[in-house]
>>> print(open('model-v2.csv').read())   # CSV, C-alpha atoms
chain,number,residue,atom,x,y,z
A,26,MET,CA,199.9,292.9,174.0
A,27,PRO,CA,197.7,291.5,176.7
A,28,PRO,CA,194.5,289.7,175.7
A,29,TYR,CA,191.1,291.3,176.1
A,30,LEU,CA,189.2,289.1,178.6
A,31,LEU,CA,185.6,288.4,177.9
A,32,GLY,CA,183.0,286.0,179.4
A,33,LEU,CA,181.1,284.1,176.7
A,34,ARG,CA,177.5,283.2,177.3
A,35,LEU,CA,177.2,280.0,175.3
A,36,ARG,CA,173.7,278.8,176.2
A,37,GLY,CA,172.1,277.4,173.1
A,38,ARG,CA,175.1,278.3,170.9
A,39,ARG,CA,176.9,275.8,168.7
A,40,VAL,CA,180.6,275.1,169.6
A,41,LEU,CA,182.7,273.0,167.4
A,42,VAL,CA,185.4,270.8,169.0
A,43,VAL,CA,187.9,269.1,166.7
A,44,GLY,CA,189.7,266.3,168.4
A,45,GLY,CA,188.7,263.6,170.8
A,46,GLY,CA,191.6,263.2,173.2
A,47,ARG,CA,192.5,264.3,176.7
A,48,VAL,CA,192.3,268.0,175.9
A,49,ALA,CA,188.8,267.6,174.5
A,50,GLN,CA,187.8,265.5,177.5
A,51,ARG,CA,188.7,268.4,179.8
A,52,ARG,CA,187.1,271.2,177.8
A,53,VAL,CA,183.8,269.6,176.6
A,54,PRO,CA,182.3,269.3,180.1
A,55,ALA,CA,183.0,272.9,180.8
A,56,LEU,CA,181.3,273.9,177.5
A,57,LEU,CA,178.3,271.8,178.4
A,58,ASP,CA,178.2,273.4,181.9
A,59,ALA,CA,178.0,276.8,180.0
A,60,GLY,CA,175.0,275.5,178.1
A,61,ALA,CA,176.8,275.1,174.7
A,62,GLU,CA,175.5,272.8,172.0
A,63,VAL,CA,178.7,270.9,171.4
A,64,VAL,CA,179.6,269.2,168.1
A,65,LEU,CA,182.6,267.0,168.2
A,66,VAL,CA,184.5,265.9,165.1
A,67,SER,CA,187.1,263.2,165.6
A,68,PRO,CA,187.6,259.6,164.2
A,69,GLU,CA,188.1,258.4,167.8
A,70,VAL,CA,187.3,259.8,171.2
A,71,THR,CA,187.9,258.9,174.8
A,72,ALA,CA,185.5,256.7,176.7
A,73,SER,CA,184.1,259.6,178.6
A,74,LEU,CA,183.4,261.6,175.5
A,75,GLN,CA,181.8,258.5,173.9
A,76,GLY,CA,179.6,258.3,177.0
A,77,LEU,CA,178.5,261.9,176.5
A,78,ALA,CA,177.6,261.2,172.9
A,79,GLU,CA,175.7,258.0,173.7
A,80,ALA,CA,173.7,260.0,176.3
A,81,GLY,CA,172.8,262.5,173.7
A,82,ARG,CA,174.6,265.4,175.4
A,83,ILE,CA,177.0,266.0,172.4
A,84,ALA,CA,176.8,265.4,168.7
A,85,TRP,CA,179.8,263.2,167.6
A,86,HIS,CA,180.8,262.9,164.0
A,87,ALA,CA,183.2,259.9,163.9
A,88,ARG,CA,185.4,261.1,161.0
A,89,PRO,CA,188.3,263.5,160.3
A,90,TYR,CA,187.7,267.3,160.1
A,91,ARG,CA,186.3,268.6,156.8
A,92,ARG,CA,186.3,272.1,155.4
A,93,GLY,CA,182.9,273.6,156.2
A,94,ASP,CA,182.5,272.0,159.6
A,95,CYS,CA,183.0,275.4,161.2
A,96,ALA,CA,179.8,276.8,159.6
A,97,GLY,CA,177.2,277.9,162.1
A,98,ALA,CA,179.6,277.7,165.1
A,99,TRP,CA,180.1,280.6,167.5
A,100,LEU,CA,183.3,279.2,168.8
A,101,VAL,CA,185.8,276.6,167.6
A,102,GLN,CA,188.3,274.5,169.6
A,103,ALA,CA,191.1,272.8,167.7
A,104,VAL,CA,192.5,270.3,170.1
A,105,THR,CA,193.9,267.4,168.0
A,106,ASP,CA,197.4,266.2,168.2
A,107,ASP,CA,198.1,267.0,164.6
A,108,ALA,CA,199.5,270.5,164.1
A,109,LYS,CA,198.4,270.6,160.4
A,110,VAL,CA,194.8,269.8,161.2
A,111,ASN,CA,194.7,272.3,164.0
A,112,GLY,CA,196.1,275.0,161.6
A,113,ASP,CA,193.5,274.2,159.0
A,114,VAL,CA,190.7,274.4,161.5
A,115,VAL,CA,191.9,277.8,162.8
A,116,ALA,CA,192.4,279.1,159.2
A,117,ASP,CA,188.8,278.1,158.3
A,118,ALA,CA,187.4,279.7,161.4
A,119,GLU,CA,189.3,282.9,160.8
A,120,ALA,CA,188.0,283.0,157.2
A,121,ALA,CA,184.5,282.7,158.6
A,122,ARG,CA,185.2,285.3,161.3
A,123,ILE,CA,184.6,282.8,164.1
A,124,TRP,CA,186.7,282.9,167.2
A,125,SER,CA,188.9,279.8,167.6
A,126,VAL,CA,191.3,278.3,170.1
A,127,ARG,CA,194.3,276.3,169.1
A,128,ALA,CA,195.5,274.1,171.9
A,129,ASP,CA,198.9,273.1,170.6
A,130,ASP,CA,200.3,276.6,169.7
A,131,ALA,CA,199.4,279.6,171.8
A,132,GLU,CA,201.1,282.0,169.5
A,133,SER,CA,199.1,280.9,166.5
A,134,SER,CA,195.8,280.8,168.4
A,135,PRO,CA,193.4,283.8,167.9
A,136,ALA,CA,191.9,283.2,171.4
A,137,TRP,CA,193.2,281.5,174.6
A,138,THR,CA,191.3,279.4,177.0
A,139,PRO,CA,192.1,280.6,180.6
A,140,ALA,CA,192.7,278.4,183.5
A,141,SER,CA,189.2,278.7,185.0
A,142,GLY,CA,187.4,277.6,188.2
A,143,GLN,CA,184.2,278.1,190.0
A,144,ALA,CA,183.5,279.0,193.6
A,145,GLY,CA,179.9,279.6,194.3
A,146,ASP,CA,178.7,282.3,191.9
A,147,ALA,CA,182.2,283.5,191.1
A,148,THR,CA,184.0,282.4,188.0
A,149,VAL,CA,187.8,282.8,188.0
A,150,GLY,CA,189.8,282.9,184.8
A,151,VAL,CA,193.6,283.3,184.7
A,152,LEU,CA,195.8,283.9,181.6
A,153,LEU,CA,199.6,284.1,181.8
A,154,GLY,CA,200.7,284.5,178.2
A,155,GLY,CA,201.1,280.8,177.3
A,156,ASP,CA,202.2,279.5,180.7
A,157,PRO,CA,199.2,277.2,181.6
A,158,ARG,CA,200.8,275.6,184.6
A,159,ARG,CA,201.5,278.9,186.4
A,160,ALA,CA,198.0,280.1,185.4
A,161,ALA,CA,196.5,276.9,186.9
A,162,GLY,CA,198.4,277.5,190.1
A,163,ILE,CA,197.2,281.0,190.5
A,164,ARG,CA,193.7,279.9,189.6
A,165,ASP,CA,193.7,277.2,192.3
A,166,ALA,CA,195.0,279.7,194.9
A,167,VAL,CA,192.2,282.2,194.1
A,168,VAL,CA,189.5,279.5,194.0
A,169,ASP,CA,190.6,278.0,197.2
A,170,GLY,CA,190.5,281.4,198.9
A,171,LEU,CA,187.0,282.0,197.7
A,172,ARG,CA,185.8,278.5,198.7
A,173,ASP,CA,187.1,278.8,202.2
A,174,GLY,CA,186.0,282.4,202.6
A,175,ALA,CA,189.5,283.9,202.9
A,176,LEU,CA,188.9,286.1,199.8
A,177,GLU,CA,185.2,286.6,200.3
A,178,SER,CA,183.9,290.2,200.5
A,179,ARG,CA,181.1,291.2,202.8
A,180,HIS,CA,180.4,294.2,200.7
A,181,SER,CA,178.6,293.2,197.6
A,182,ARG,CA,175.6,294.3,195.6
A,183,ARG,CA,174.5,290.7,195.6
A,184,LYS,CA,175.1,290.0,199.3
A,185,PRO,CA,172.6,287.5,200.8
A,186,SER,CA,169.9,288.9,203.0
A,187,GLY,CA,167.9,287.4,205.9
A,188,VAL,CA,169.0,284.3,207.7
A,189,ALA,CA,171.1,281.3,206.7
A,190,LEU,CA,170.8,278.2,208.8
A,191,VAL,CA,174.3,276.7,208.3
A,192,GLY,CA,175.2,273.1,209.3
A,193,GLY,CA,178.8,273.3,210.6
A,194,GLY,CA,179.4,269.5,210.6
A,195,PRO,CA,180.5,267.2,213.4
A,196,GLY,CA,183.1,269.5,215.0
A,197,ASP,CA,186.3,269.6,212.8
A,198,PRO,CA,186.3,273.1,211.2
A,199,GLY,CA,187.5,271.5,207.9
A,200,LEU,CA,184.3,269.5,207.6
A,201,ILE,CA,181.9,272.5,207.1
A,202,THR,CA,180.6,272.6,203.5
A,203,VAL,CA,182.1,275.0,201.0
A,204,ARG,CA,178.8,276.9,200.8
A,205,GLY,CA,178.6,277.2,204.5
A,206,ARG,CA,182.0,278.7,204.8
A,207,GLN,CA,181.3,281.2,202.1
A,208,LEU,CA,178.2,282.4,203.8
A,209,LEU,CA,179.9,282.6,207.1
A,210,ALA,CA,182.5,284.9,205.6
A,211,MET,CA,179.7,287.3,204.5
A,212,ALA,CA,177.8,287.4,207.8
A,213,ASP,CA,177.2,290.5,209.8
A,214,VAL,CA,175.9,288.5,212.7
A,215,VAL,CA,176.7,284.9,213.7
A,216,VAL,CA,174.4,283.1,216.2
A,217,THR,CA,176.4,280.0,217.2
A,218,ASP,CA,175.8,276.7,218.9
A,219,ARG,CA,177.9,275.0,221.6
A,220,LEU,CA,178.5,272.1,219.1
A,221,ALA,CA,179.3,274.4,216.1
A,222,PRO,CA,183.0,274.4,214.9
A,223,GLY,CA,184.3,277.2,217.2
A,224,GLY,CA,187.6,277.4,215.3
A,225,LEU,CA,185.8,279.1,212.4
A,226,LEU,CA,184.8,282.0,214.6
A,227,ASP,CA,188.5,283.2,214.8
A,228,GLU,CA,188.4,283.8,211.1
A,229,LEU,CA,185.6,286.3,211.2
A,230,ALA,CA,186.2,290.0,210.7
A,231,ALA,CA,186.5,292.0,213.9
A,232,ASP,CA,183.2,293.8,213.3
A,233,VAL,CA,181.1,290.7,213.0
A,234,GLU,CA,178.8,290.3,216.0
A,235,VAL,CA,179.0,286.8,217.5
A,236,ILE,CA,176.0,285.7,219.7
A,237,ASP,CA,176.6,282.7,221.9
A,238,ALA,CA,173.4,280.6,221.9
A,239,ALA,CA,174.9,277.6,223.7
A,240,LYS,CA,172.7,275.1,225.4
A,241,ILE,CA,174.7,273.3,228.0
A,242,PRO,CA,173.2,270.1,229.3
A,243,TYR,CA,172.1,270.7,232.9
A,244,GLY,CA,173.7,274.1,232.9
A,245,ARG,CA,173.6,277.5,231.3
A,246,THR,CA,171.2,277.7,228.3
A,247,VAL,CA,169.6,280.1,225.9
A,248,THR,CA,166.0,279.3,225.2
A,249,GLN,CA,164.9,278.5,221.7
A,250,ASP,CA,162.4,281.3,221.7
A,251,LYS,CA,165.3,283.7,222.5
A,252,ILE,CA,167.4,282.3,219.6
A,253,ASN,CA,164.4,282.7,217.3
A,254,ASP,CA,164.1,286.4,218.4
A,255,TYR,CA,167.8,287.0,217.8
A,256,LEU,CA,167.5,285.8,214.2
A,257,VAL,CA,164.5,287.9,213.3
A,258,GLU,CA,165.6,291.0,215.2
A,259,HIS,CA,169.0,291.3,213.5
A,260,ALA,CA,167.7,290.3,210.0
A,261,LYS,CA,165.0,293.0,210.2
A,262,GLN,CA,167.8,295.5,210.9
A,263,GLY,CA,169.1,294.7,207.4
A,264,LYS,CA,172.0,292.5,208.6
A,265,PHE,CA,172.8,289.1,207.1
A,266,VAL,CA,172.6,286.6,209.9
A,267,VAL,CA,174.2,283.1,209.9
A,268,ARG,CA,172.9,280.6,212.4
A,269,LEU,CA,175.9,278.3,212.8
A,270,LYS,CA,174.9,274.9,214.1
A,271,GLY,CA,176.7,271.7,214.8
A,272,GLY,CA,175.9,268.8,212.4
A,273,ASP,CA,173.0,269.4,210.1
A,274,PRO,CA,170.4,272.0,210.9
A,275,PHE,CA,167.5,269.6,210.3
A,276,VAL,CA,168.8,266.6,212.2
A,277,PHE,CA,167.9,267.1,215.8
A,278,GLY,CA,169.1,270.7,215.4
A,279,ARG,CA,165.8,272.6,215.7
A,280,GLY,CA,166.5,274.1,212.3
A,281,GLY,CA,162.9,273.5,211.3
A,282,GLU,CA,161.6,275.6,214.2
A,283,GLU,CA,164.0,278.4,213.3
A,284,ALA,CA,163.0,278.3,209.6
A,285,LEU,CA,159.3,278.4,210.5
A,286,HIS,CA,159.8,281.4,212.9
A,287,CYS,CA,161.7,283.3,210.2
A,288,ALA,CA,159.1,282.6,207.6
A,289,ARG,CA,156.2,283.6,209.9
A,290,ASN,CA,158.0,286.9,210.5
A,291,GLY,CA,158.6,287.6,206.8
A,292,VAL,CA,162.4,287.0,207.0
A,293,PRO,CA,164.0,285.2,204.0
A,294,VAL,CA,165.7,282.0,205.2
A,295,MET,CA,168.0,279.6,203.4
A,296,VAL,CA,169.2,276.2,204.7
A,297,VAL,CA,172.8,275.0,204.1
A,298,PRO,CA,173.0,271.2,204.9
A,299,GLY,CA,175.8,270.0,207.1
A,300,ILE,CA,177.5,266.7,207.6
A,301,SER,CA,175.5,265.0,210.4
A,302,SER,CA,177.4,263.7,213.3
A,303,SER,CA,175.1,260.7,213.3
A,304,VAL,CA,177.1,259.2,210.4
A,305,ALA,CA,180.3,261.3,210.4
A,306,VAL,CA,181.4,260.5,213.9
A,307,PRO,CA,181.1,256.7,213.5
A,308,SER,CA,183.0,257.1,210.2
A,309,ALA,CA,185.7,259.0,211.9
A,310,ALA,CA,186.1,256.2,214.4
A,311,GLY,CA,186.2,253.6,211.5
A,312,ILE,CA,182.7,252.3,212.1
A,313,PRO,CA,180.5,251.9,209.0
A,314,VAL,CA,176.8,252.3,210.0
A,315,THR,CA,175.9,249.8,207.2
A,316,HIS,CA,178.0,246.9,206.0
A,317,ARG,CA,177.2,244.2,203.5
A,318,GLY,CA,176.1,241.0,205.2
A,319,VAL,CA,176.0,242.7,208.6
A,320,ALA,CA,173.6,245.7,208.6
A,321,GLN,CA,171.3,246.8,205.8
A,322,GLU,CA,169.7,249.6,207.8
A,323,PHE,CA,170.5,252.1,210.5
A,324,HIS,CA,168.3,254.1,212.8
A,325,VAL,CA,169.2,257.5,214.2
A,326,VAL,CA,167.6,258.2,217.5
A,327,SER,CA,167.4,261.2,219.8
A,328,ALA,CA,167.8,259.8,223.3
A,329,HIS,CA,167.3,263.1,225.2
A,330,VAL,CA,164.5,261.3,227.1
A,331,PRO,CA,164.8,257.7,228.1
A,332,PRO,CA,162.6,254.7,227.3
A,333,GLY,CA,159.3,254.8,229.2
A,334,HIS,CA,159.4,258.6,229.6
A,335,PRO,CA,156.0,260.2,228.7
A,336,GLU,CA,157.6,262.7,226.3
A,337,SER,CA,159.4,259.9,224.4
A,338,THR,CA,158.1,259.2,220.8
A,339,VAL,CA,160.7,256.5,220.1
A,340,ASP,CA,159.5,253.0,219.6
A,341,TRP,CA,162.2,251.3,221.7
A,342,GLU,CA,160.5,248.0,221.5
A,343,ALA,CA,160.7,248.0,217.7
A,344,LEU,CA,164.4,249.0,217.9
A,345,GLY,CA,165.0,246.1,220.2
A,346,ARG,CA,163.6,243.7,217.7
A,347,ALA,CA,165.4,245.3,214.7
A,348,HIS,CA,168.7,244.0,213.4
A,349,GLY,CA,170.1,247.2,212.0
A,350,THR,CA,172.6,249.6,213.5
A,351,LEU,CA,171.4,252.1,216.1
A,352,VAL,CA,173.0,255.5,216.3
A,353,LEU,CA,172.1,257.2,219.6
A,354,LEU,CA,172.5,261.0,220.0
A,355,MET,CA,172.3,262.7,223.4
A,356,ALA,CA,172.3,259.3,225.1
A,357,VAL,CA,175.3,259.6,227.5
A,358,GLU,CA,173.3,260.3,230.6
A,359,ARG,CA,170.6,257.7,229.9
A,360,MET,CA,172.5,254.6,228.7
A,361,ALA,CA,171.9,252.9,232.1
A,362,LEU,CA,168.2,252.9,231.1
A,363,ILE,CA,168.5,252.5,227.3
A,364,ALA,CA,170.8,249.4,227.3
A,365,PRO,CA,168.5,247.3,229.6
A,366,ALA,CA,165.5,248.4,227.6
A,367,LEU,CA,167.0,247.2,224.3
A,368,VAL,CA,168.0,243.9,225.9
A,369,ARG,CA,164.5,243.5,227.3
A,370,TYR,CA,163.0,244.1,223.9
A,371,GLY,CA,165.2,241.6,222.1
A,372,ARG,CA,168.7,242.7,221.6
A,373,SER,CA,171.4,240.4,222.9
A,374,SER,CA,173.3,241.7,225.9
A,375,ASP,CA,176.5,240.7,223.9
A,376,THR,CA,175.6,243.2,221.2
A,377,PRO,CA,178.7,245.3,220.5
A,378,VAL,CA,178.6,249.0,221.4
A,379,ALA,CA,180.9,251.8,220.7
A,380,VAL,CA,180.8,255.2,222.3
A,381,ILE,CA,182.7,258.0,220.5
A,382,GLN,CA,183.4,261.1,222.5
A,383,ASP,CA,184.5,264.4,220.8
A,384,GLY,CA,184.2,262.9,217.4
A,385,THR,CA,186.4,264.4,214.6
A,386,LEU,CA,188.1,266.7,217.1
A,387,PRO,CA,191.7,266.3,218.4
A,388,GLY,CA,190.5,264.7,221.6
A,389,GLN,CA,188.4,262.0,220.0
A,390,ARG,CA,188.3,258.8,221.9
A,391,THR,CA,186.3,255.6,221.5
A,392,LEU,CA,185.1,253.2,224.2
A,393,THR,CA,183.9,249.7,223.1
A,394,ALA,CA,181.7,247.5,225.2
A,395,THR,CA,178.5,245.4,225.0
A,396,LEU,CA,174.9,246.3,225.8
A,397,GLY,CA,175.4,244.4,229.0
A,398,THR,CA,178.5,246.3,230.1
A,399,VAL,CA,178.3,249.7,228.4
A,400,ALA,CA,176.7,251.7,231.2
A,401,ASP,CA,179.2,250.6,233.8
A,402,GLU,CA,182.2,251.1,231.4
A,403,MET,CA,181.0,254.6,230.4
A,404,ALA,CA,180.8,255.6,234.1
A,405,ALA,CA,184.2,254.1,234.8
A,406,GLY,CA,185.7,255.8,231.8
A,407,GLY,CA,184.2,259.2,232.6
A,408,VAL,CA,182.5,259.6,229.3
A,409,ARG,CA,180.9,263.0,228.9
A,410,PRO,CA,178.9,264.7,226.2
A,411,PRO,CA,179.1,265.2,223.3
A,412,ALA,CA,179.3,261.6,222.4
A,413,ILE,CA,177.7,259.3,219.8
A,414,VAL,CA,176.7,255.7,220.8
A,415,VAL,CA,176.7,253.1,218.1
A,416,VAL,CA,174.9,249.8,218.8
A,417,GLY,CA,175.3,246.8,216.5
A,418,ASP,CA,177.6,244.3,214.9
A,419,VAL,CA,179.1,247.0,212.7
A,420,VAL,CA,181.3,247.8,215.7
A,421,ASP,CA,183.1,244.5,215.1
A,422,VAL,CA,183.8,245.6,211.5
A,423,ALA,CA,185.8,248.5,212.9
A,424,ARG,CA,187.7,246.1,215.2
A,425,GLU,CA,188.5,243.9,212.3
A,426,ILE,CA,189.8,246.8,210.3
A,427,ASP,CA,192.0,247.8,213.3
A,428,MET,CA,193.4,244.3,213.6
A,429,ILE,CA,194.3,244.1,209.9
A,430,ARG,CA,196.0,247.5,210.2
A,431,ALA,CA,197.9,246.3,213.2
A,432,ASP,CA,199.0,243.1,211.4
A,433,LEU,CA,200.2,245.1,208.4
A,434,GLY,CA,202.3,247.3,210.7
A,435,ARG,CA,204.2,244.4,212.2
A,436,ASP,CA,207.7,243.4,211.1
A,437,PRO,CA,207.6,240.1,209.1
>>> encode(input="model-v2.csv", output="structure tokens")
Amino acid sequence: MPPYLLGLRLRGRRVLVVGGGRVAQRRVPALLDAGAEVVLVSPEVTASLQGLAEAGRIAWHARPYRRGDCAGAWLVQAVTDDAKVNGDVVADAEAARIWSVRADDAESSPAWTPASGQAGDATVGVLLGGDPRRAAGIRDAVVDGLRDGALESRHSRRKPSGVALVGGGPGDPGLITVRGRQLLAMADVVVTDRLAPGGLLDELAADVEVIDAAKIPYGRTVTQDKINDYLVEHAKQGKFVVRLKGGDPFVFGRGGEEALHCARNGVPVMVVPGISSSVAVPSAAGIPVTHRGVAQEFHVVSAHVPPGHPESTVDWEALGRAHGTLVLLMAVERMALIAPALVRYGRSSDTPVAVIQDGTLPGQRTLTATLGTVADEMAAGGVRPPAIVVVGDVVDVAREIDMIRADLGRDP
């Protein structure tokens, strides 16, 4: 007959685990995550389990199982590699009317541990009558579907309300966070940026309202005030609104302004961090923004206004004197002013520069130059936004990596 599935709430309850091998190493962390007070009985344990014991997270009795160890337990796991010991443990637990799991013999086990997984607030458990590999495969398929939003339901008693500011990452749809994708699948309204991963919009249900809030440099734009109004207006109609932004909402994304506007109007707002293009795009181009012996710091700068502009709050003189990496956002149209300023304030004109256009997208391309030549080379190469500019010796680290890769690919 099929088993009766039940979710055990183990917080503060004693669970006995007999055995300290690989099976115990898999099951103990899950028991701890459920809040159980784990008692482990085994003469020897894996290094990971020993670490948990030394950290005080589990109680380890370094000896063989003894009759009476089950006393006071709510659940018992017999996971040794000795069938007789496992049988004795289960028999003792049965006599004490304690549910037990025997890892080596499903037919003799009073209870089964399902292949389980977590996706947000959903816990998935699959039992297939003693076929753990197939159960794990189905579990993985369901969890993956929940994590990427494919199985998410927009109709739920616990559906989010208000506004979620979701960082969509640097451009590649696969780089949005799991939480961001889950919330996107539950949205009634999506207010999207020009730099948000547009491929995700095709996955939305047909009745989801998509509002284009693009801000095109020197072209069509939606004012920030209008975007703020969209968020509050739709949220107050009882709709769940996702503000899908490129990168991270709080890294030059005006997410703070939107969060403040929602709060001032009594609209609940949550923030889902995203992978910032300031570090993701250089990484995608093979450029580490820090590297031992080369750069111990990096500065992320919004260059939407050039050096010397009255609205600029950037200390370009300090950046010129600094030795760390500079990551410049929104700098494409102003490099003819930025590069000379950095040289004037102390950077060598030979400082390596990389310009990465359409980072993480299929059309990604990288132009390398120096501070002395970058403006001319960008103009000649037709570089256009969005692009990230990296200034510093870390650019040469990427070149070295490329050279080594090229050498490895050659015939001996």
>>> closest_residue(input="model-v2.csv", among="A:Ala166, A:Val101, A:Ile123, A:Cys287", to="Val151 of chain A", atoms="all atoms listed in the file")
A:Ala166
>>> residues_around(input="model-v2.csv", residues="Asp418 of chain A", least_positions_apart="6", cutoff="10 Å", atoms="all atoms listed in the file", output="ChimeraX atom specification")
/A:312,314-316,319-320,348-350,375-378
>>> atom_distance(input="model-v2.csv", atom1="atom CA of His286 of chain A", atom2="atom CA of Asp232 of chain A")
26.5 Å
>>> residues_around(input="model-v2.csv", residues="Ala356 of chain A", least_positions_apart="6", cutoff="12 Å", atoms="all atoms listed in the file", output="list in words")
Pro242, Val325, Val326, Ser327, Ala328, His329, Val330, Pro331, Pro332, Leu362, Ile363, Ala364, Val380, Ile381, Gln382, Val399, Ala400, Met403, Val408, Arg409, Pro410, Pro411, Ala412, Ile413, Val414, Val415 and Val416 of chain A
>>> residues_around(input="model-v2.csv", residues="Asn111 of chain A", least_positions_apart="5", cutoff="10 Å", atoms="all atoms listed in the file", output="JSON, numbers by chain")
{"A": [43, 44, 90, 102, 103, 104, 105, 106, 116, 126, 127, 128, 129, 130, 133, 134]}
>>> closest_residue(input="model-v2.csv", among="A:Ala189, A:Ser337, A:Ala309, A:Asp254", to="Pro274 of chain A", atoms="all atoms listed in the file")
A:Ala189
>>> atom_distance(input="model-v2.csv", atom1="atom CA of Lys184 of chain A", atom2="atom CA of Thr138 of chain A")
29.5 Å
>>> residues_around(input="model-v2.csv", residues="Val296 of chain A", least_positions_apart="4", cutoff="9 Å", atoms="only C-alpha atoms", output="list in words")
Val188, Ala189, Leu190, Val191, Gly192, Pro274, Phe275, Gly280 and Ala284 of chain A
>>> atom_distance(input="model-v2.csv", atom1="atom CA of Ala212 of chain A", atom2="atom CA of Thr246 of chain A")
23.6 Å
>>> residues_around(input="model-v2.csv", residues="segment 69-72 of chain A", least_positions_apart="6", cutoff="10 Å", atoms="all atoms listed in the file", output="compact mmCIF listing (two decimals) with C-alpha atoms, in the frame of the given file")
# COMPACT_ATOMS: atom_id res chain seq x y z
CA GLY A 44 189.70 266.30 168.40
CA GLY A 45 188.70 263.60 170.80
CA GLY A 46 191.60 263.20 173.20
CA ARG A 47 192.50 264.30 176.70
CA ALA A 49 188.80 267.60 174.50
CA GLN A 50 187.80 265.50 177.50
CA ALA A 78 177.60 261.20 172.90
CA TRP A 85 179.80 263.20 167.60
CA HIS A 86 180.80 262.90 164.00
CA ALA A 87 183.20 259.90 163.90
CA ARG A 88 185.40 261.10 161.00
CA PRO A 89 188.30 263.50 160.30
>>> closest_residue(input="model-v2.csv", among="A:Gly397, A:Pro307, A:Gly417, A:Gly291", to="Ala347 of chain A", atoms="all atoms listed in the file")
A:Gly417
>>> closest_residue(input="model-v2.csv", among="A:Ala405, A:Leu269, A:Ala221, A:Ala131", to="Asp156 of chain A", atoms="only C-alpha atoms")
A:Ala131
